[in-house]
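Everything below concerns the one structure shown next.
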Amino acid sequence: VKVAVIGAGIMGSGIAQISAMSGYDVAMVDTNTPALERGLSEIDTSLARFEKSGKISAAERKVSRTRIHATLSLEDAVAGTEFVIEAVPEVLDVKREVFARIATAAPTTAVLGTNTSQYSVGAIAASLGAESSRVIGTHFFNPPVMMKLVELVVGSSTSTETVERARSYAESLGKEVVVCRTDTPGFIATRAYAAFRLECVRMLEEGVASAGEIDKALRLGFGLPMGPLELGDFNGLDTFLYAVSSLAEAYGERFAPTAGLVEMVAAGRLGRKAGAGFYTYETPSQRPFS
Ligand SMILES: NC(=O)c1ccc[n+]([C@@H]2O[C@H](COP(=O)([O-])OP(=O)(O)OC[C@H]3O[C@@H](n4cnc5c(N)ncnc54)[C@H](O)[C@@H]3O)[C@@H](O)[C@H]2O)c1
C-alpha cells in the first residue's frame with residue numbers, strides 16, 4: 001500500500017518514516033532538493049537511533065529506508081496512493097493550492113489528510129466540491145515517530161468512511177486516535193493545553209511564583225516531562241503567541257495573550273532560539289534550572 005507525504009520538513013519526514021517502518025511504500029515530496037535531502041538525513045539519523053536502542057534490527061532499518069522514495073513531483077508522488085498526508089507550512093493559501101493539485105492527481109479512492117495545527121479542515125478543502133468528503137485532519141504530534149497521539153479532525157463535509165479509513169491508517173502506525181467531531185480551532189489537545197499554559201504565564205506575571213517554581217510544580221504535580229514555561233521557550237514564544245492569538249479570535253477573551261507575552265515577543269525574547277525567554281540560555285540545547 002502506498003502513502004504520499006507532501007512536505008519533507010519536521011512533521012513530513014517523521015510521518016514518512018513511521019509509515020515506512022509500519023510497512024507502507026512512501027513517496028515523500030518537497031519543492032526543492034535540499035529540503036528532501038534534509039528530510040532523508042533526519043530519517044537516517046532517527047532510524048539509526050532506533051537501531052542503536054534495539055527497537056529495530058539493522059535489516060529492519062534498511063528495509064524501512066528503501067521503502068521511502070523522495071521526489072520533486074507531487075503528481076508522481078500521489079499516483080496510486082491510498083493515503084496522502086499534507087505537511088506543508090501552516091499557510092492557508094499554500095495548503096489550498098496543494099490540495100487542489102492532490103485532488104486532481106490522486107486516485108479518487110485516496111484519503112486526503114492534512115496535518116494542519118489550527119486551520120479548519122473545511123477552509124482547506126473549500127474549493128474541492130464533492131472531493132472534500134475525502135479530506136480529514138490528521139494531526140500528528142512532534143516528533144511523529146515517538147508521539148502516540150493522532151487527532152482526527154472531522155470537517156463538515158468529511159465522510160464517515162474517510163474517518164474510519166484514516167483511523168485504520170493511524171492505528172496501523174501504532175498510534176492512538178482521538179476524533180475531534182467538530183472542525184474547531186485548536187482541536188482537543190492544543191486548545192486545552194493553550195489555556196493551561198496561558199494560566200502559567202498569568203501566574204508568573206502576577207508574581208505568584210518564579211518560572212522555575214511554576215514549572216517544577218507542574219512537572220512534579222502532574223508528571224509532565226517539561227514545565228509549560230520551559231516548553232514555551234523550547235517551541236518559541238512567537239509560535240505560542242501566534243497560536244493563542246488565533247484561538248482568541250475563535251473563542252474570545254479567555255485566550256487573549258497577556259501583555260507580558262506580547263512584550264517579550266516584541267523585544268525578541270523568543271525562548272531558546274533567541275538565548276532568552278522565560279529563562280536565559282547560554283546554548284540553544286541547554287535546559288533551564290527548574
Ligand atoms: N512542528 C510541529 O511541532 C508541528 C506539530 C503539529 C503540526 N504541525 C503542522 O505540520 C505542518 C508542517 O509543519 P513542519 O513543522 O513540518 O514544517 P516545516 O517547515 O519543517 O516543513 C514544511 C516543508 O514543506 C515544504 N513545502 C513548502 N511548500 C510545499 C509545496 N507546495 N509542496 C511540497 N512541499 C512544500 C517546505 O519546503 C518544507 O520542507 C504545518 O501545518 C504545521 O502547522 C507542526
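So you can find residues: chains in the C-alpha cells are A, B, ... in the order shown, residues in each start at 1, and ligands are numbered from 1 in order.
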
Using only C-alpha atoms and all ligand atoms, I'd like a table of the residues in chain A that come within 8 Å of ligand 1; for each, show the closest atom pair and its distance in Å rounded to one decimal, ordered by chain and ascending number, as JSON lines.
{"residue": "A:Ile6", "atom": "CA", "partner": "ligand 1", "partner_atom_place_in_ligand_line": "33 (C)", "distance": 5.0}
{"residue": "A:Gly7", "atom": "CA", "partner": "ligand 1", "partner_atom_place_in_ligand_line": "24 (O)", "distance": 3.6}
{"residue": "A:Ala8", "atom": "CA", "partner": "ligand 1", "partner_atom_place_in_ligand_line": "39 (O)", "distance": 4.7}
{"residue": "A:Gly9", "atom": "CA", "partner": "ligand 1", "partner_atom_place_in_ligand_line": "21 (O)", "distance": 3.2}
{"residue": "A:Ile10", "atom": "CA", "partner": "ligand 1", "partner_atom_place_in_ligand_line": "16 (O)", "distance": 3.8}
{"residue": "A:Met11", "atom": "CA", "partner": "ligand 1", "partner_atom_place_in_ligand_line": "16 (O)", "distance": 3.6}
{"residue": "A:Gly12", "atom": "CA", "partner": "ligand 1", "partner_atom_place_in_ligand_line": "16 (O)", "distance": 5.4}
{"residue": "A:Ser13", "atom": "CA", "partner": "ligand 1", "partner_atom_place_in_ligand_line": "16 (O)", "distance": 7.5}
{"residue": "A:Val29", "atom": "CA", "partner": "ligand 1", "partner_atom_place_in_ligand_line": "33 (C)", "distance": 5.7}
{"residue": "A:Asp30", "atom": "CA", "partner": "ligand 1", "partner_atom_place_in_ligand_line": "34 (N)", "distance": 3.7}
{"residue": "A:Thr31", "atom": "CA", "partner": "ligand 1", "partner_atom_place_in_ligand_line": "34 (N)", "distance": 4.9}
{"residue": "A:Asn32", "atom": "CA", "partner": "ligand 1", "partner_atom_place_in_ligand_line": "37 (O)", "distance": 6.5}
{"residue": "A:Ala35", "atom": "CA", "partner": "ligand 1", "partner_atom_place_in_ligand_line": "39 (O)", "distance": 4.9}
{"residue": "A:Leu36", "atom": "CA", "partner": "ligand 1", "partner_atom_place_in_ligand_line": "39 (O)", "distance": 7.0}
{"residue": "A:Gly39", "atom": "CA", "partner": "ligand 1", "partner_atom_place_in_ligand_line": "39 (O)", "distance": 7.5}
{"residue": "A:Leu72", "atom": "CA", "partner": "ligand 1", "partner_atom_place_in_ligand_line": "33 (C)", "distance": 7.9}
{"residue": "A:Leu74", "atom": "CA", "partner": "ligand 1", "partner_atom_place_in_ligand_line": "32 (N)", "distance": 7.0}
{"residue": "A:Glu86", "atom": "CA", "partner": "ligand 1", "partner_atom_place_in_ligand_line": "11 (C)", "distance": 7.5}
{"residue": "A:Ala87", "atom": "CA", "partner": "ligand 1", "partner_atom_place_in_ligand_line": "12 (C)", "distance": 4.1}
{"residue": "A:Val88", "atom": "CA", "partner": "ligand 1", "partner_atom_place_in_ligand_line": "24 (O)", "distance": 3.7}
{"residue": "A:Pro89", "atom": "CA", "partner": "ligand 1", "partner_atom_place_in_ligand_line": "40 (C)", "distance": 4.5}
{"residue": "A:Glu90", "atom": "CA", "partner": "ligand 1", "partner_atom_place_in_ligand_line": "41 (O)", "distance": 3.9}
{"residue": "A:Val91", "atom": "CA", "partner": "ligand 1", "partner_atom_place_in_ligand_line": "41 (O)", "distance": 7.4}
{"residue": "A:Val94", "atom": "CA", "partner": "ligand 1", "partner_atom_place_in_ligand_line": "31 (N)", "distance": 6.1}
{"residue": "A:Lys95", "atom": "CA", "partner": "ligand 1", "partner_atom_place_in_ligand_line": "31 (N)", "distance": 7.4}
{"residue": "A:Glu97", "atom": "CA", "partner": "ligand 1", "partner_atom_place_in_ligand_line": "31 (N)", "distance": 7.4}
{"residue": "A:Val98", "atom": "CA", "partner": "ligand 1", "partner_atom_place_in_ligand_line": "31 (N)", "distance": 5.6}
{"residue": "A:Thr114", "atom": "CA", "partner": "ligand 1", "partner_atom_place_in_ligand_line": "41 (O)", "distance": 7.5}
{"residue": "A:Asn115", "atom": "CA", "partner": "ligand 1", "partner_atom_place_in_ligand_line": "10 (O)", "distance": 4.9}
{"residue": "A:Thr116", "atom": "CA", "partner": "ligand 1", "partner_atom_place_in_ligand_line": "41 (O)", "distance": 3.8}
{"residue": "A:Ser117", "atom": "CA", "partner": "ligand 1", "partner_atom_place_in_ligand_line": "43 (O)", "distance": 4.3}
{"residue": "A:Gln118", "atom": "CA", "partner": "ligand 1", "partner_atom_place_in_ligand_line": "43 (O)", "distance": 7.0}
{"residue": "A:His139", "atom": "CA", "partner": "ligand 1", "partner_atom_place_in_ligand_line": "7 (C)", "distance": 6.1}
{"residue": "A:Phe140", "atom": "CA", "partner": "ligand 1", "partner_atom_place_in_ligand_line": "6 (C)", "distance": 5.6}
{"residue": "A:Phe141", "atom": "CA", "partner": "ligand 1", "partner_atom_place_in_ligand_line": "6 (C)", "distance": 4.9}
{"residue": "A:Asn142", "atom": "CA", "partner": "ligand 1", "partner_atom_place_in_ligand_line": "3 (O)", "distance": 4.7}
{"residue": "A:Pro143", "atom": "CA", "partner": "ligand 1", "partner_atom_place_in_ligand_line": "3 (O)", "distance": 7.2}
{"residue": "A:Asn235", "atom": "CA", "partner": "ligand 1", "partner_atom_place_in_ligand_line": "3 (O)", "distance": 7.6}

With N, CA and C atoms retained, could you export that selection as a JSON list (two decimals), in the first residue's frame?
[["chain", "number", "residue", "atom", "x", "y", "z"],
["A", 6, "ILE", "N", 3.32, 15.00, 1.69],
["A", 6, "ILE", "CA", 3.64, 16.23, 0.97],
["A", 6, "ILE", "C", 4.33, 17.19, 1.93],
["A", 7, "GLY", "N", 5.62, 17.47, 1.68],
["A", 7, "GLY", "CA", 6.42, 18.29, 2.59],
["A", 7, "GLY", "C", 7.36, 17.37, 3.37],
["A", 8, "ALA", "N", 8.66, 17.65, 3.28],
["A", 8, "ALA", "CA", 9.67, 16.77, 3.90],
["A", 8, "ALA", "C", 10.30, 17.43, 5.13],
["A", 9, "GLY", "N", 9.56, 18.33, 5.79],
["A", 9, "GLY", "CA", 10.09, 19.05, 6.95],
["A", 9, "GLY", "C", 10.02, 18.20, 8.21],
["A", 10, "ILE", "N", 9.94, 18.89, 9.36],
["A", 10, "ILE", "CA", 9.95, 18.21, 10.66],
["A", 10, "ILE", "C", 8.85, 17.15, 10.70],
["A", 11, "MET", "N", 7.63, 17.54, 10.37],
["A", 11, "MET", "CA", 6.50, 16.61, 10.50],
["A", 11, "MET", "C", 6.45, 15.63, 9.34],
["A", 12, "GLY", "N", 6.62, 16.14, 8.11],
["A", 12, "GLY", "CA", 6.51, 15.26, 6.93],
["A", 12, "GLY", "C", 7.53, 14.14, 6.97],
["A", 13, "SER", "N", 8.78, 14.46, 7.32],
["A", 13, "SER", "CA", 9.81, 13.41, 7.32],
["A", 13, "SER", "C", 9.49, 12.37, 8.40],
["A", 29, "VAL", "N", 7.46, 14.12, -0.90],
["A", 29, "VAL", "CA", 7.68, 15.16, -1.92],
["A", 29, "VAL", "C", 7.95, 16.51, -1.26],
["A", 30, "ASP", "N", 8.82, 17.29, -1.89],
["A", 30, "ASP", "CA", 9.05, 18.67, -1.44],
["A", 30, "ASP", "C", 9.30, 19.50, -2.70],
["A", 31, "THR", "N", 9.44, 20.82, -2.50],
["A", 31, "THR", "CA", 9.60, 21.70, -3.66],
["A", 31, "THR", "C", 11.06, 21.84, -4.08],
["A", 32, "ASN", "N", 11.99, 21.43, -3.22],
["A", 32, "ASN", "CA", 13.41, 21.62, -3.57],
["A", 32, "ASN", "C", 14.26, 20.48, -3.02],
["A", 35, "ALA", "N", 15.65, 20.47, 0.69],
["A", 35, "ALA", "CA", 14.64, 20.10, 1.70],
["A", 35, "ALA", "C", 14.45, 18.59, 1.72],
["A", 36, "LEU", "N", 14.44, 17.96, 0.55],
["A", 36, "LEU", "CA", 14.31, 16.50, 0.50],
["A", 36, "LEU", "C", 15.51, 15.84, 1.16],
["A", 39, "GLY", "N", 15.29, 16.13, 4.88],
["A", 39, "GLY", "CA", 14.28, 15.19, 5.38],
["A", 39, "GLY", "C", 14.83, 13.77, 5.44],
["A", 72, "LEU", "N", 10.46, 15.34, -6.41],
["A", 72, "LEU", "CA", 10.05, 16.74, -6.51],
["A", 72, "LEU", "C", 8.69, 16.86, -7.20],
["A", 74, "LEU", "N", 4.84, 16.29, -7.15],
["A", 74, "LEU", "CA", 3.66, 15.94, -6.35],
["A", 74, "LEU", "C", 2.77, 14.96, -7.11],
["A", 86, "GLU", "N", -0.74, 15.72, 3.94],
["A", 86, "GLU", "CA", -0.12, 17.01, 3.62],
["A", 86, "GLU", "C", 0.53, 17.58, 4.88],
["A", 87, "ALA", "N", 1.84, 17.94, 4.77],
["A", 87, "ALA", "CA", 2.56, 18.55, 5.91],
["A", 87, "ALA", "C", 3.41, 19.70, 5.39],
["A", 88, "VAL", "N", 2.79, 20.60, 4.62],
["A", 88, "VAL", "CA", 3.48, 21.80, 4.11],
["A", 88, "VAL", "C", 3.29, 22.91, 5.16],
["A", 89, "PRO", "N", 3.98, 24.05, 5.03],
["A", 89, "PRO", "CA", 3.88, 25.08, 6.07],
["A", 89, "PRO", "C", 2.44, 25.54, 6.34],
["A", 90, "GLU", "N", 2.26, 26.09, 7.55],
["A", 90, "GLU", "CA", 0.93, 26.50, 8.02],
["A", 90, "GLU", "C", 0.53, 27.83, 7.37],
["A", 91, "VAL", "N", 0.33, 27.79, 6.07],
["A", 91, "VAL", "CA", -0.09, 28.97, 5.30],
["A", 91, "VAL", "C", -1.29, 28.51, 4.47],
["A", 94, "VAL", "N", -1.13, 28.18, 0.65],
["A", 94, "VAL", "CA", -0.24, 27.10, 0.20],
["A", 94, "VAL", "C", -0.96, 25.76, 0.34],
["A", 95, "LYS", "N", -1.63, 25.58, 1.47],
["A", 95, "LYS", "CA", -2.33, 24.31, 1.69],
["A", 95, "LYS", "C", -3.46, 24.13, 0.66],
["A", 97, "GLU", "N", -3.71, 25.35, -2.36],
["A", 97, "GLU", "CA", -3.16, 25.06, -3.69],
["A", 97, "GLU", "C", -2.68, 23.61, -3.76],
["A", 98, "VAL", "N", -2.01, 23.17, -2.69],
["A", 98, "VAL", "CA", -1.52, 21.79, -2.66],
["A", 98, "VAL", "C", -2.71, 20.81, -2.73],
["A", 114, "THR", "N", -4.78, 16.31, 6.22],
["A", 114, "THR", "CA", -3.95, 17.50, 6.42],
["A", 114, "THR", "C", -3.42, 17.50, 7.85],
["A", 115, "ASN", "N", -2.15, 17.83, 7.98],
["A", 115, "ASN", "CA", -1.54, 17.88, 9.31],
["A", 115, "ASN", "C", -1.62, 19.28, 9.91],
["A", 116, "THR", "N", -2.57, 20.08, 9.42],
["A", 116, "THR", "CA", -2.67, 21.46, 9.93],
["A", 116, "THR", "C", -2.76, 21.49, 11.45],
["A", 117, "SER", "N", -2.14, 22.52, 12.05],
["A", 117, "SER", "CA", -2.19, 22.67, 13.51],
["A", 117, "SER", "C", -3.45, 23.41, 13.93],
["A", 118, "GLN", "N", -3.97, 24.26, 13.04],
["A", 118, "GLN", "CA", -5.09, 25.08, 13.51],
["A", 118, "GLN", "C", -6.11, 25.51, 12.47],
["A", 139, "HIS", "N", -3.87, 15.07, 12.63],
["A", 139, "HIS", "CA", -2.95, 15.91, 13.40],
["A", 139, "HIS", "C", -2.00, 15.04, 14.21],
["A", 140, "PHE", "N", -0.78, 14.89, 13.66],
["A", 140, "PHE", "CA", 0.28, 14.17, 14.37],
["A", 140, "PHE", "C", 0.96, 15.16, 15.32],
["A", 141, "PHE", "N", 1.63, 14.62, 16.33],
["A", 141, "PHE", "CA", 2.36, 15.45, 17.29],
["A", 141, "PHE", "C", 3.86, 15.26, 17.07],
["A", 142, "ASN", "N", 4.62, 16.24, 17.50],
["A", 142, "ASN", "CA", 6.05, 16.28, 17.23],
["A", 142, "ASN", "C", 6.85, 15.66, 18.38],
["A", 143, "PRO", "N", 7.75, 14.71, 18.13],
["A", 143, "PRO", "CA", 8.08, 14.09, 16.84],
["A", 143, "PRO", "C", 7.15, 12.93, 16.50],
["A", 235, "ASN", "N", 9.61, 25.64, 22.19],
["A", 235, "ASN", "CA", 8.93, 25.75, 20.89],
["A", 235, "ASN", "C", 9.04, 27.13, 20.27]]

Q: Using DSSP on the backbone, list every residue of segment 125-270 of chain A that comes out as strand (DSSP E), and give them as a PyMOL selection string.
A: chain A and resi 135-140+149-153+176-180

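Comparing A:Glu199, A:Glu171, A:Glu151, A:Glu37 by their smallest distance to Pro257 of chain A, the closest is A:Glu199 (using only C-alpha atoms).
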
Q. DSSP says helix (DSSP H, G or I) for which residues of segment 29-115 of chain A? Put them as a VMD selection string?
A. chain A and resid 33 to 52 58 to 66 74 to 78 92 to 105

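With only C-alpha atoms as the atoms that count, the minimum distance from Glu164 of chain A to the choices A:Ala59, A:Ala103, A:Val178, A:Ala217 is reached by A:Val178.
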
Q. So which residues touch Val262 of chain A within 9 Å, counting only C-alpha atoms, skipping near sequence neighbours fewer than 5 positions away, as a list in words?
A. Asp238, Leu241, Pro257 and Ala267 of chain A

Can those selected residues be exported to a file as a tab-separated table (two decimals), in the first residue's frame so that it contains N, CA and C atoms?
chain	number	residue	atom	x	y	z
A	238	ASP	N	7.16	33.14	19.97
A	238	ASP	CA	6.44	33.71	18.83
A	238	ASP	C	5.37	32.73	18.34
A	241	LEU	N	2.55	32.76	20.91
A	241	LEU	CA	1.74	33.98	20.79
A	241	LEU	C	0.79	33.88	19.58
A	257	PRO	N	-3.75	36.81	24.67
A	257	PRO	CA	-2.38	36.76	25.19
A	257	PRO	C	-2.18	37.84	26.24
A	267	ALA	N	10.16	42.24	22.08
A	267	ALA	CA	11.54	42.51	22.46
A	267	ALA	C	12.50	41.42	21.99
